[in-house]
Structures are given as C-alpha cells and as structure tokens.
file upload12.csv (CSV, C-alpha atoms)
chain,number,residue,atom,x,y,z
A,1,MET,CA,61.1,-70.7,-12.5
A,2,SER,CA,59.0,-71.5,-9.5
A,3,VAL,CA,59.3,-74.5,-7.2
A,4,ASP,CA,56.2,-75.9,-9.0
A,5,THR,CA,57.9,-76.3,-12.3
A,6,ASP,CA,61.5,-77.0,-11.0
A,7,PRO,CA,61.6,-80.5,-9.6
A,8,PHE,CA,65.2,-79.9,-8.4
A,9,ALA,CA,64.1,-76.9,-6.3
A,10,LEU,CA,61.0,-78.8,-5.0
A,11,PHE,CA,63.3,-81.6,-3.8
A,12,ASP,CA,66.0,-79.1,-2.6
A,13,LEU,CA,68.6,-80.7,-4.9
A,14,PRO,CA,71.3,-79.0,-6.8
A,15,ARG,CA,70.6,-78.5,-10.5
A,16,ARG,CA,72.9,-81.1,-11.9
A,17,HIS,CA,72.3,-84.5,-13.5
A,18,ALA,CA,74.3,-86.6,-11.0
A,19,ALA,CA,71.8,-87.5,-8.2
A,20,SER,CA,71.8,-89.9,-5.4
A,21,ARG,CA,68.9,-92.3,-5.7
A,22,ASP,CA,68.8,-92.7,-1.9
A,23,VAL,CA,68.6,-88.9,-1.4
A,24,ILE,CA,65.8,-88.7,-3.9
A,25,GLU,CA,63.8,-91.5,-2.2
A,26,GLN,CA,64.4,-89.9,1.2
A,27,ARG,CA,63.2,-86.5,0.1
A,28,TYR,CA,60.2,-88.1,-1.6
A,29,LEU,CA,59.1,-89.8,1.6
A,30,GLU,CA,59.6,-86.6,3.6
A,31,LEU,CA,57.7,-84.4,1.1
A,32,SER,CA,54.9,-86.9,0.6
A,33,ARG,CA,54.4,-87.2,4.4
A,34,ALA,CA,54.3,-83.4,4.7
A,35,ALA,CA,52.0,-83.0,1.8
A,36,HIS,CA,49.7,-85.9,2.6
A,37,PRO,CA,46.0,-84.9,2.3
A,38,ASP,CA,45.3,-86.7,5.6
A,39,ASN,CA,47.1,-83.8,7.3
A,40,VAL,CA,44.3,-81.4,6.3
A,41,VAL,CA,41.2,-83.5,7.0
A,42,GLY,CA,38.8,-81.2,8.7
A,43,GLU,CA,40.3,-78.1,7.3
A,44,GLY,CA,38.6,-75.9,4.6
A,45,THR,CA,38.2,-76.8,0.9
A,46,ALA,CA,41.0,-74.4,-0.1
A,47,ALA,CA,43.5,-76.0,2.3
A,48,ARG,CA,42.5,-79.5,1.2
A,49,ARG,CA,42.8,-78.6,-2.5
A,50,ALA,CA,46.2,-77.0,-1.9
A,51,ALA,CA,47.4,-80.2,-0.2
A,52,VAL,CA,46.2,-82.4,-3.1
A,53,GLU,CA,48.0,-80.1,-5.6
A,54,ARG,CA,51.1,-80.1,-3.5
A,55,ALA,CA,51.1,-83.9,-3.3
A,56,SER,CA,50.5,-84.1,-7.1
A,57,ALA,CA,53.5,-81.8,-7.7
A,58,VAL,CA,55.7,-83.9,-5.5
A,59,ASN,CA,54.7,-87.0,-7.4
A,60,ALA,CA,55.4,-85.3,-10.7
A,61,ALA,CA,58.8,-84.1,-9.6
A,62,TYR,CA,59.7,-87.5,-8.2
A,63,ARG,CA,58.8,-89.1,-11.6
A,64,VAL,CA,61.2,-86.8,-13.4
A,65,LEU,CA,64.0,-86.9,-10.9
A,66,ARG,CA,64.2,-90.7,-10.6
A,67,ASP,CA,64.4,-91.1,-14.4
A,68,PRO,CA,67.9,-90.3,-15.9
A,69,VAL,CA,66.4,-89.2,-19.3
A,70,LEU,CA,63.6,-87.1,-17.8
A,71,ARG,CA,66.1,-85.6,-15.4
A,72,ALA,CA,68.3,-84.6,-18.3
A,73,GLU,CA,65.4,-83.2,-20.3
A,74,ALA,CA,64.3,-81.2,-17.2
A,75,LEU,CA,67.7,-79.6,-16.9
A,76,VAL,CA,67.7,-78.7,-20.5
A,77,LYS,CA,64.3,-77.1,-20.0
A,78,LEU,CA,65.6,-75.1,-17.0
A,79,GLY,CA,68.4,-74.0,-19.4
A,80,GLY,CA,65.8,-72.5,-21.7
A,81,ILE,CA,65.2,-75.3,-24.3
A,82,ASP,CA,61.9,-77.1,-24.3
A,83,LEU,CA,62.2,-80.4,-26.2
A,84,ASP,CA,58.4,-80.7,-26.5
A,85,SER,CA,58.2,-77.3,-28.2
A,86,THR,CA,58.6,-76.7,-31.9
A,87,ASP,CA,59.5,-73.0,-31.4
A,88,PRO,CA,62.6,-72.3,-33.5
A,89,GLU,CA,64.3,-70.4,-30.8
A,90,ARG,CA,63.4,-72.2,-27.6
A,91,GLY,CA,62.1,-75.5,-28.9
A,92,ALA,CA,63.8,-78.8,-29.8
A,93,PRO,CA,66.8,-78.3,-32.1
A,94,HIS,CA,66.3,-80.0,-35.5
A,95,PRO,CA,68.6,-82.8,-36.5
A,96,THR,CA,70.6,-82.7,-39.7
A,97,GLN,CA,69.2,-84.2,-42.9
A,98,ALA,CA,71.9,-86.8,-42.8
A,99,PHE,CA,70.7,-87.9,-39.4
A,100,LEU,CA,67.0,-88.1,-40.5
A,101,LEU,CA,68.1,-90.0,-43.6
A,102,GLU,CA,69.9,-92.5,-41.4
A,103,MET,CA,66.8,-93.0,-39.3
A,104,ILE,CA,64.9,-93.9,-42.5
A,105,ASP,CA,67.7,-96.2,-43.6
A,106,LEU,CA,67.6,-98.0,-40.2
A,107,ARG,CA,63.9,-98.7,-40.7
A,108,GLU,CA,64.5,-100.0,-44.2
A,109,ARG,CA,67.2,-102.3,-42.8
A,110,LEU,CA,64.8,-103.4,-40.2
A,111,ASP,CA,62.3,-104.4,-42.9
A,112,ASP,CA,64.9,-106.3,-44.9
A,113,GLY,CA,66.7,-108.1,-42.0
A,114,GLY,CA,65.8,-111.4,-40.6
A,115,PRO,CA,65.4,-112.0,-36.9
A,116,ASP,CA,69.1,-112.1,-36.3
A,117,GLY,CA,69.6,-108.9,-38.2
A,118,VAL,CA,66.9,-107.2,-36.2
A,119,ALA,CA,68.4,-108.2,-32.9
A,120,ALA,CA,71.9,-106.9,-34.0
A,121,LEU,CA,70.4,-103.7,-35.3
A,122,ARG,CA,68.4,-103.2,-32.1
A,123,ASP,CA,71.6,-103.7,-29.9
A,124,ASP,CA,73.4,-101.2,-32.0
A,125,VAL,CA,70.7,-98.6,-31.7
A,126,GLU,CA,70.3,-99.2,-28.0
A,127,ALA,CA,74.0,-98.6,-27.5
A,128,ARG,CA,73.8,-95.3,-29.5
A,129,CYS,CA,70.7,-94.4,-27.5
A,130,ASP,CA,72.6,-94.8,-24.3
A,131,ALA,CA,75.7,-93.0,-25.7
A,132,ALA,CA,73.4,-90.1,-26.7
A,133,LEU,CA,72.3,-89.7,-23.1
A,134,ASP,CA,75.9,-89.9,-21.8
A,135,ALA,CA,76.9,-87.2,-24.3
A,136,ALA,CA,73.9,-85.1,-23.2
A,137,VAL,CA,75.0,-85.4,-19.5
A,138,ASP,CA,78.5,-84.4,-20.4
A,139,ALA,CA,77.2,-81.3,-22.2
A,140,LEU,CA,74.9,-80.5,-19.2
A,141,ASP,CA,77.8,-80.8,-16.8
A,142,ALA,CA,79.7,-78.3,-19.0
A,143,GLY,CA,76.7,-76.0,-19.0
A,144,GLU,CA,76.2,-76.4,-22.8
A,145,PHE,CA,72.4,-76.7,-23.0
A,146,ARG,CA,72.2,-76.4,-26.8
A,147,ARG,CA,74.6,-79.3,-27.3
A,148,ALA,CA,72.8,-81.3,-24.6
A,149,ALA,CA,69.4,-80.7,-26.3
A,150,GLU,CA,70.8,-81.9,-29.6
A,151,HIS,CA,72.0,-85.2,-28.1
A,152,LEU,CA,68.6,-85.6,-26.3
A,153,VAL,CA,66.7,-85.1,-29.5
A,154,ALA,CA,68.9,-87.7,-31.2
A,155,ARG,CA,68.1,-90.0,-28.2
A,156,ARG,CA,64.4,-89.5,-28.8
A,157,TYR,CA,64.8,-90.7,-32.4
A,158,PHE,CA,66.8,-93.7,-31.3
A,159,GLN,CA,64.2,-94.4,-28.5
A,160,ARG,CA,61.4,-94.2,-31.1
A,161,PHE,CA,63.2,-96.8,-33.2
A,162,LEU,CA,63.6,-99.1,-30.2
A,163,ASP,CA,59.9,-98.7,-29.3
A,164,GLU,CA,59.0,-99.7,-32.8
A,165,THR,CA,61.2,-102.8,-32.9
A,166,ASP,CA,59.8,-103.9,-29.5
A,167,SER,CA,56.2,-103.4,-30.5
A,168,SER,CA,56.6,-105.3,-33.8
A,169,ALA,CA,58.5,-108.2,-32.2
A,170,PRO,CA,56.6,-111.4,-32.2
B,1,MET,CA,42.3,-90.9,-28.2
B,2,ALA,CA,39.9,-91.7,-31.0
B,3,TYR,CA,41.2,-91.4,-34.6
B,4,SER,CA,38.8,-90.3,-37.3
B,5,ASN,CA,37.7,-92.8,-39.9
B,6,LYS,CA,39.7,-91.1,-42.6
B,7,VAL,CA,42.9,-91.4,-40.5
B,8,ILE,CA,42.2,-95.0,-39.8
B,9,ASP,CA,41.5,-95.7,-43.5
B,10,HIS,CA,44.8,-94.1,-44.5
B,11,TYR,CA,46.7,-95.8,-41.7
B,12,GLU,CA,45.3,-99.2,-42.6
B,13,HIS,CA,45.5,-98.7,-46.3
B,14,PRO,CA,48.3,-96.2,-46.8
B,15,ARG,CA,48.5,-94.9,-50.4
B,16,ASN,CA,51.7,-94.6,-52.3
B,17,VAL,CA,54.1,-96.2,-49.8
B,18,GLY,CA,57.5,-96.7,-51.3
B,19,SER,CA,60.5,-94.9,-52.8
B,20,LEU,CA,61.4,-93.2,-56.0
B,21,ASP,CA,65.0,-93.0,-57.3
B,22,LYS,CA,66.6,-90.3,-55.3
B,23,GLY,CA,69.3,-89.8,-58.0
B,24,ASP,CA,66.7,-89.1,-60.8
B,25,ALA,CA,66.8,-85.5,-61.8
B,26,SER,CA,63.0,-85.4,-62.1
B,27,VAL,CA,62.6,-86.7,-58.5
B,28,GLY,CA,62.5,-84.4,-55.4
B,29,THR,CA,63.0,-85.9,-52.0
B,30,GLY,CA,61.9,-84.3,-48.7
B,31,ILE,CA,63.0,-85.7,-45.4
B,32,VAL,CA,61.6,-84.2,-42.2
B,33,GLY,CA,61.4,-85.1,-38.6
B,34,ALA,CA,59.5,-84.2,-35.5
B,35,PRO,CA,62.1,-83.8,-32.7
B,36,ALA,CA,59.5,-83.8,-30.0
B,37,CYS,CA,58.4,-87.4,-30.8
B,38,GLY,CA,61.0,-88.9,-33.1
B,39,ASP,CA,58.7,-89.3,-36.1
B,40,VAL,CA,60.4,-89.3,-39.4
B,41,MET,CA,58.8,-88.8,-42.8
B,42,LYS,CA,60.3,-89.2,-46.3
B,43,LEU,CA,58.2,-87.8,-49.2
B,44,GLN,CA,59.2,-88.0,-52.8
B,45,ILE,CA,57.7,-86.5,-56.0
B,46,LYS,CA,58.3,-87.1,-59.6
B,47,VAL,CA,57.9,-84.1,-61.8
B,48,GLU,CA,57.3,-84.1,-65.6
B,49,ASN,CA,56.7,-80.9,-67.5
B,50,GLY,CA,56.0,-79.0,-64.3
B,51,VAL,CA,53.3,-81.6,-63.2
B,52,ILE,CA,53.7,-84.0,-60.4
B,53,THR,CA,53.1,-87.4,-62.0
B,54,ASP,CA,54.0,-89.7,-59.0
B,55,ALA,CA,54.5,-89.4,-55.3
B,56,LYS,CA,55.7,-91.9,-52.7
B,57,PHE,CA,56.2,-91.7,-49.0
B,58,LYS,CA,57.7,-93.6,-46.1
B,59,THR,CA,56.7,-92.4,-42.6
B,60,TYR,CA,57.7,-93.9,-39.3
B,61,GLY,CA,55.5,-92.4,-36.7
B,62,CYS,CA,52.0,-92.3,-35.3
B,63,GLY,CA,48.8,-93.0,-37.3
B,64,SER,CA,48.2,-89.3,-37.9
B,65,ALA,CA,51.6,-88.8,-39.3
B,66,ILE,CA,51.2,-91.8,-41.7
B,67,ALA,CA,47.7,-90.6,-42.7
B,68,SER,CA,48.9,-87.0,-43.3
B,69,SER,CA,51.7,-88.1,-45.6
B,70,SER,CA,49.5,-90.7,-47.4
B,71,LEU,CA,46.9,-88.0,-48.0
B,72,VAL,CA,49.4,-85.5,-49.3
B,73,THR,CA,50.8,-88.0,-51.8
B,74,GLU,CA,47.2,-88.6,-53.1
B,75,TRP,CA,46.6,-84.9,-53.4
B,76,VAL,CA,49.7,-83.8,-55.2
B,77,LYS,CA,49.5,-86.3,-58.1
B,78,GLY,CA,48.4,-84.3,-61.1
B,79,MET,CA,49.1,-81.0,-59.4
B,80,SER,CA,51.6,-78.5,-60.7
B,81,VAL,CA,54.6,-77.8,-58.5
B,82,ASP,CA,53.2,-74.4,-57.7
B,83,GLN,CA,49.8,-75.8,-56.7
B,84,ALA,CA,51.5,-78.4,-54.4
B,85,MET,CA,53.6,-75.6,-52.8
B,86,GLN,CA,50.3,-74.0,-51.7
B,87,ILE,CA,49.2,-77.0,-49.6
B,88,LYS,CA,48.6,-75.9,-46.1
B,89,ASN,CA,48.7,-78.1,-43.0
B,90,SER,CA,45.3,-76.7,-42.0
B,91,GLN,CA,43.8,-78.3,-45.1
B,92,ILE,CA,45.3,-81.7,-44.2
B,93,ALA,CA,44.2,-81.4,-40.5
B,94,GLU,CA,40.7,-80.5,-41.7
B,95,GLU,CA,40.4,-83.3,-44.2
B,96,LEU,CA,41.5,-85.9,-41.6
B,97,SER,CA,39.7,-84.2,-38.6
B,98,LEU,CA,42.9,-84.2,-36.6
B,99,PRO,CA,42.6,-83.2,-33.0
B,100,PRO,CA,44.7,-80.3,-31.7
B,101,VAL,CA,47.4,-82.6,-30.2
B,102,LYS,CA,48.0,-84.1,-33.7
B,103,ILE,CA,48.2,-80.9,-35.7
B,104,HIS,CA,52.0,-81.2,-35.7
B,105,CYS,CA,51.6,-84.3,-37.8
B,106,SER,CA,49.9,-82.3,-40.6
B,107,VAL,CA,52.7,-79.6,-40.2
B,108,LEU,CA,55.2,-82.4,-40.8
B,109,ALA,CA,53.5,-83.4,-44.0
B,110,GLU,CA,53.4,-79.8,-45.3
B,111,ASP,CA,57.1,-79.4,-44.4
B,112,ALA,CA,57.8,-82.7,-46.3
B,113,ILE,CA,56.1,-81.7,-49.5
B,114,LYS,CA,57.8,-78.3,-49.5
B,115,ALA,CA,61.1,-79.9,-48.8
B,116,ALA,CA,60.6,-82.3,-51.7
B,117,ILE,CA,59.7,-79.5,-54.1
B,118,ARG,CA,62.7,-77.4,-53.0
B,119,ASP,CA,64.9,-80.5,-53.6
B,120,PHE,CA,63.5,-80.9,-57.0
B,121,GLN,CA,63.9,-77.2,-57.9
B,122,GLN,CA,67.5,-77.2,-56.7
B,123,LYS,CA,68.2,-80.2,-58.9
B,124,GLN,CA,66.8,-78.3,-61.8
B,125,GLY,CA,68.9,-75.3,-61.0
B,126,ALA,CA,65.6,-73.4,-61.5
B,127,PRO,CA,64.8,-70.1,-59.8
B,128,GLY,CA,63.4,-71.8,-56.7
B,129,SER,CA,63.3,-70.4,-53.2
B,130,GLU,CA,67.0,-69.3,-53.3
B,131,GLY,CA,66.4,-67.2,-56.4
B,132,GLU,CA,63.4,-65.5,-55.0
B,133,SER,CA,65.0,-64.7,-51.7
B,134,LYS,CA,67.6,-62.6,-53.5
B,135,HIS,CA,65.1,-60.0,-54.7
call {"tool": "encode", "arguments": {"input": "upload12.csv", "output": "structure tokens"}}
result
Amino acid sequence: MSVDTDPFALFDLPRRHAASRDVIEQRYLELSRAAHPDNVVGEGTAARRAAVERASAVNAAYRVLRDPVLRAEALVKLGGIDLDSTDPERGAPHPTQAFLLEMIDLRERLDDGGPDGVAALRDDVEARCDAALDAAVDALDAGEFRRAAEHLVARRYFQRFLDETDSSAP
Amino acid sequence: MAYSNKVIDHYEHPRNVGSLDKGDASVGTGIVGAPACGDVMKLQIKVENGVITDAKFKTYGCGSAIASSSLVTEWVKGMSVDQAMQIKNSQIAEELSLPPVKIHCSVLAEDAIKAAIRDFQQKQGAPGSEGESKH
C-alpha cells in the first residue's frame, strides 16, 4: 500500500492504534507547511497540481489519524478488510442474525419507551458502542484483523442507532 | 443527492410497515443488515397455499432502503413463493430510479425477501434451498 493510501506511512507513524495527539498535530503542521501550495507559486502547472494533491492527501490522512474510530477502521483496511466493501472475502463481516434481531428490537423499544426510557436506552447503546471500539483496538493490538472488523461493524450498527435517536430527539 | 419521486413517495407513505407473528408456521421472517452503513431490514411474508397473502416490513435505514423494502412488500403480495424468489435487485433499483451509490439498498431488499422465503421453507420442512443443494 502506498503512502497515498496509508495515513500512517504518510505521517511516519507506526501502524498501531495508540497514537499521541501531540505527535499527530506536530506532523500535520510540518507536512502542511511542506506541502503548502504557496511554495510552488510561479512553478509549472504540474508542480502546482502535485502540491495541491499532496496537501489534500495530508488533510485526508490527518482526518483519519485524529479520529479513534477512523484510525481503527484504517488499520483494519491495511490488514486486508475494507468495511465499506460488501465483498464476501475482503469486505465487512456480516453480523449474526441474533445481533440484527437485537438491533430491530432496540428500535422497537425506542418506539415504545417514553423520554426516560429513550435516554436510558441511548446511554446503554452508547456504552456498548464505546466497548465495541475498545474490543476492536484490543483485537488490532493482537493482530487479529477479522475480530477487529467484527467489533467495528457492530460499532457501526450501534452508531447508527445513536444517530437515529439524536436526529429524532425533540 | 436527489431522491426520485417514487423513493420519496414510499419513504413518506411506506406501505405495509409492521410485523407478523414470527412463531406462525405460515410466516417467514428475513432479517438482513448492511454492515457498511448499519442499516437493518426485517421483512416478513405470510404464505397460504403457496401464495404470499401478506407482507410486512420494518426498516431502519436511509430513504432508499425504506423505499426498497416497501416496494418489495407491495410486489410480493399475490405472488407465488417461486415468483417472489425471482425478484432481482436490479428491478427494484430500476423501479425506484436508484442512483449507483444506493444500489446496495435494493440488494438488501432482495436479500431480505429471499431470507424470508428460506425461513418459511425451513419451517415447512419443504425441499427448499437445502434440499436442492444436495443434488
């Protein structure tokens, strides 16, 4: 995988989830300065275009690296599993029927519950969402990409539920 | 992104939202999910004498996913199980004019009806997909 698609390589960081916020910020400033389009004013079109693309790649990598969820998903992708793909081999692993059934049940409880019930349900799912990320990070640290991907998929379902409760809140 | 009028119509007035009795032997339940976005879809059919007489769905997802499942429940009522098994996601996508980034919603609806039919067939102990695969 090239530097273009590996944010860790672009920022010269080890491929692991634990990351120092300060180091990421520092690298971002350095890389942004080096890639700034102002540096190539007066140069040819190709050089200017390359600078813009480089700056854009730096920004994209920064967006991923500073976000714990996107960082974990990027590591899983570097491990060969793309959560945005439906490919049976290399795409997101499918959750169990029991898990999907529970996701439906959660929505039905959301419809039935009053405001207090909704808040309690939301807190519960938020905790499970956080726990799923923690479990994914543990799996990543152990080099188990498949297991990490399964937890990250579960996290996406929890996140979706949380987004729905937030958007339907008065 | 602009949704087509048909998507908006099904989204604003979804047909056949609800549940059938999961324990009923004549009811098949299909539950599918889209791991990439967290959408979940439950589609149920009631089958009498080989014909689908009722269909209900509950979908938690984007407008296209809701419209796709709503459309499928409309289509399958009155169909034989075999006919319903032939529904292709491309037909759903075409009917709703889904843009390429929303094709996966129609795939989800096709998966859901197939899962519901398989569930029904397994309940019947009929020669469903398992029996065929043994040949």
call {"tool": "closest_residue", "arguments": {"input": "upload12.csv", "among": "A:Glu53, A:Arg122, A:Asp138, A:Gly91", "to": "chain B", "atoms": "only C-alpha atoms"}}
result
A:Gly91
call {"tool": "residues_around", "arguments": {"input": "upload12.csv", "residues": "segment 76-78 of chain A", "least_positions_apart": "3", "cutoff": "7 Å", "atoms": "only C-alpha atoms", "output": "list in words"}}
result
Ala72, Glu73, Ile81, Asp82, Phe145 and Ala149 of chain A
call {"tool": "atom_distance", "arguments": {"input": "upload12.csv", "atom1": "atom CA of Ala36 of chain B", "atom2": "atom CA of Gly113 of chain A"}}
result
28.0 Å
call {"tool": "atom_distance", "arguments": {"input": "upload12.csv", "atom1": "atom CA of His36 of chain A", "atom2": "atom CA of Ala51 of chain A"}}
result
6.8 Å
call {"tool": "residues_around", "arguments": {"input": "upload12.csv", "residues": "segment 4-20 of chain A", "least_positions_apart": "5", "cutoff": "7 Å", "atoms": "all atoms listed in the file", "output": "PDB file with C-alpha atoms, keeping the file's coordinate frame"}}
result
ATOM      1  CA  ARG A  27      63.200 -86.500   0.100  1.00  0.00           C
ATOM      2  CA  ALA A  57      53.500 -81.800  -7.700  1.00  0.00           C
ATOM      3  CA  ALA A  61      58.800 -84.100  -9.600  1.00  0.00           C
ATOM      4  CA  LEU A  65      64.000 -86.900 -10.900  1.00  0.00           C
ATOM      5  CA  ARG A  71      66.100 -85.600 -15.400  1.00  0.00           C
ATOM      6  CA  ALA A  72      68.300 -84.600 -18.300  1.00  0.00           C
ATOM      7  CA  VAL A 137      75.000 -85.400 -19.500  1.00  0.00           C
ATOM      8  CA  ASP A 141      77.800 -80.800 -16.800  1.00  0.00           C
TER       9      ASP A 141
END
call {"tool": "closest_atom_pairs", "arguments": {"input": "upload12.csv", "of": "chain A", "to": "chain B", "cutoff": "7 Å", "atoms": "all atoms listed in the file", "output": "Markdown table"}}
result
| residue | atom | partner | partner_atom | distance |
| --- | --- | --- | --- | --- |
| A:Leu83 | CA | B:Ala36 | CA | 5.8 |
| A:Asp84 | CA | B:Ala36 | CA | 4.8 |
| A:Ser85 | CA | B:Ala36 | CA | 6.9 |
| A:Ala92 | CA | B:Pro35 | CA | 6.0 |
| A:His94 | CA | B:Pro35 | CA | 6.3 |
| A:Gln97 | CA | B:Ile31 | CA | 6.9 |
| A:Leu100 | CA | B:Gly33 | CA | 6.6 |
| A:Leu101 | CA | B:Ile31 | CA | 6.9 |
| A:Val153 | CA | B:Pro35 | CA | 5.8 |
| A:Arg156 | CA | B:Gly38 | CA | 5.5 |
| A:Tyr157 | CA | B:Gly38 | CA | 4.3 |
| A:Arg160 | CA | B:Gly38 | CA | 5.7 |
call {"tool": "write_last_selection", "arguments": {"input": "upload12.csv", "atoms": "C-alpha atoms", "output": "short mmCIF file (atom, residue, chain, number, x, y, z; two decimals), in the frame of the given file"}}
result
data_model
loop_
_atom_site.label_atom_id
_atom_site.label_comp_id
_atom_site.auth_asym_id
_atom_site.auth_seq_id
_atom_site.Cartn_x
_atom_site.Cartn_y
_atom_site.Cartn_z
CA LEU A 83 62.20 -80.40 -26.20
CA ASP A 84 58.40 -80.70 -26.50
CA SER A 85 58.20 -77.30 -28.20
CA ALA A 92 63.80 -78.80 -29.80
CA HIS A 94 66.30 -80.00 -35.50
CA GLN A 97 69.20 -84.20 -42.90
CA LEU A 100 67.00 -88.10 -40.50
CA LEU A 101 68.10 -90.00 -43.60
CA VAL A 153 66.70 -85.10 -29.50
CA ARG A 156 64.40 -89.50 -28.80
CA TYR A 157 64.80 -90.70 -32.40
CA ARG A 160 61.40 -94.20 -31.10
#
call {"tool": "atom_distance", "arguments": {"input": "upload12.csv", "atom1": "atom CA of Glu12 of chain B", "atom2": "atom CA of Pro99 of chain B"}}
result
18.9 Å
call {"tool": "residues_around", "arguments": {"input": "upload12.csv", "residues": "His10 of chain B", "least_positions_apart": "3", "cutoff": "8 Å", "atoms": "all atoms listed in the file", "output": "list in words"}}
result
Lys6, Val7, His13, Pro14, Arg15, Ile66, Ala67, Ser70 and Leu71 of chain B
call {"tool": "residues_around", "arguments": {"input": "upload12.csv", "residues": "segment 105-112 of chain A", "least_positions_apart": "5", "cutoff": "8 Å", "atoms": "only C-alpha atoms", "output": "JSON list (two decimals) with C-alpha atoms, in the frame of the given file"}}
result
[["chain", "number", "residue", "atom", "x", "y", "z"],
["A", 117, "GLY", "CA", 69.60, -108.90, -38.20],
["A", 118, "VAL", "CA", 66.90, -107.20, -36.20],
["A", 121, "LEU", "CA", 70.40, -103.70, -35.30],
["A", 161, "PHE", "CA", 63.20, -96.80, -33.20],
["B", 60, "TYR", "CA", 57.70, -93.90, -39.30]]
call {"tool": "residues_around", "arguments": {"input": "upload12.csv", "residues": "Lys123 of chain B", "least_positions_apart": "4", "cutoff": "10 Å", "atoms": "only C-alpha atoms", "output": "ChimeraX atom specification"}}
result
/B:23-28,117-119,128
call {"tool": "write_last_selection", "arguments": {"input": "upload12.csv", "atoms": "C-alpha atoms", "output": "PDB file, keeping the file's coordinate frame"}}
result
ATOM      1  CA  GLY B  23      69.300 -89.800 -58.000  1.00  0.00           C
ATOM      2  CA  ASP B  24      66.700 -89.100 -60.800  1.00  0.00           C
ATOM      3  CA  ALA B  25      66.800 -85.500 -61.800  1.00  0.00           C
ATOM      4  CA  SER B  26      63.000 -85.400 -62.100  1.00  0.00           C
ATOM      5  CA  VAL B  27      62.600 -86.700 -58.500  1.00  0.00           C
ATOM      6  CA  GLY B  28      62.500 -84.400 -55.400  1.00  0.00           C
ATOM      7  CA  ILE B 117      59.700 -79.500 -54.100  1.00  0.00           C
ATOM      8  CA  ARG B 118      62.700 -77.400 -53.000  1.00  0.00           C
ATOM      9  CA  ASP B 119      64.900 -80.500 -53.600  1.00  0.00           C
ATOM     10  CA  GLY B 128      63.400 -71.800 -56.700  1.00  0.00           C
TER      11      GLY B 128
END
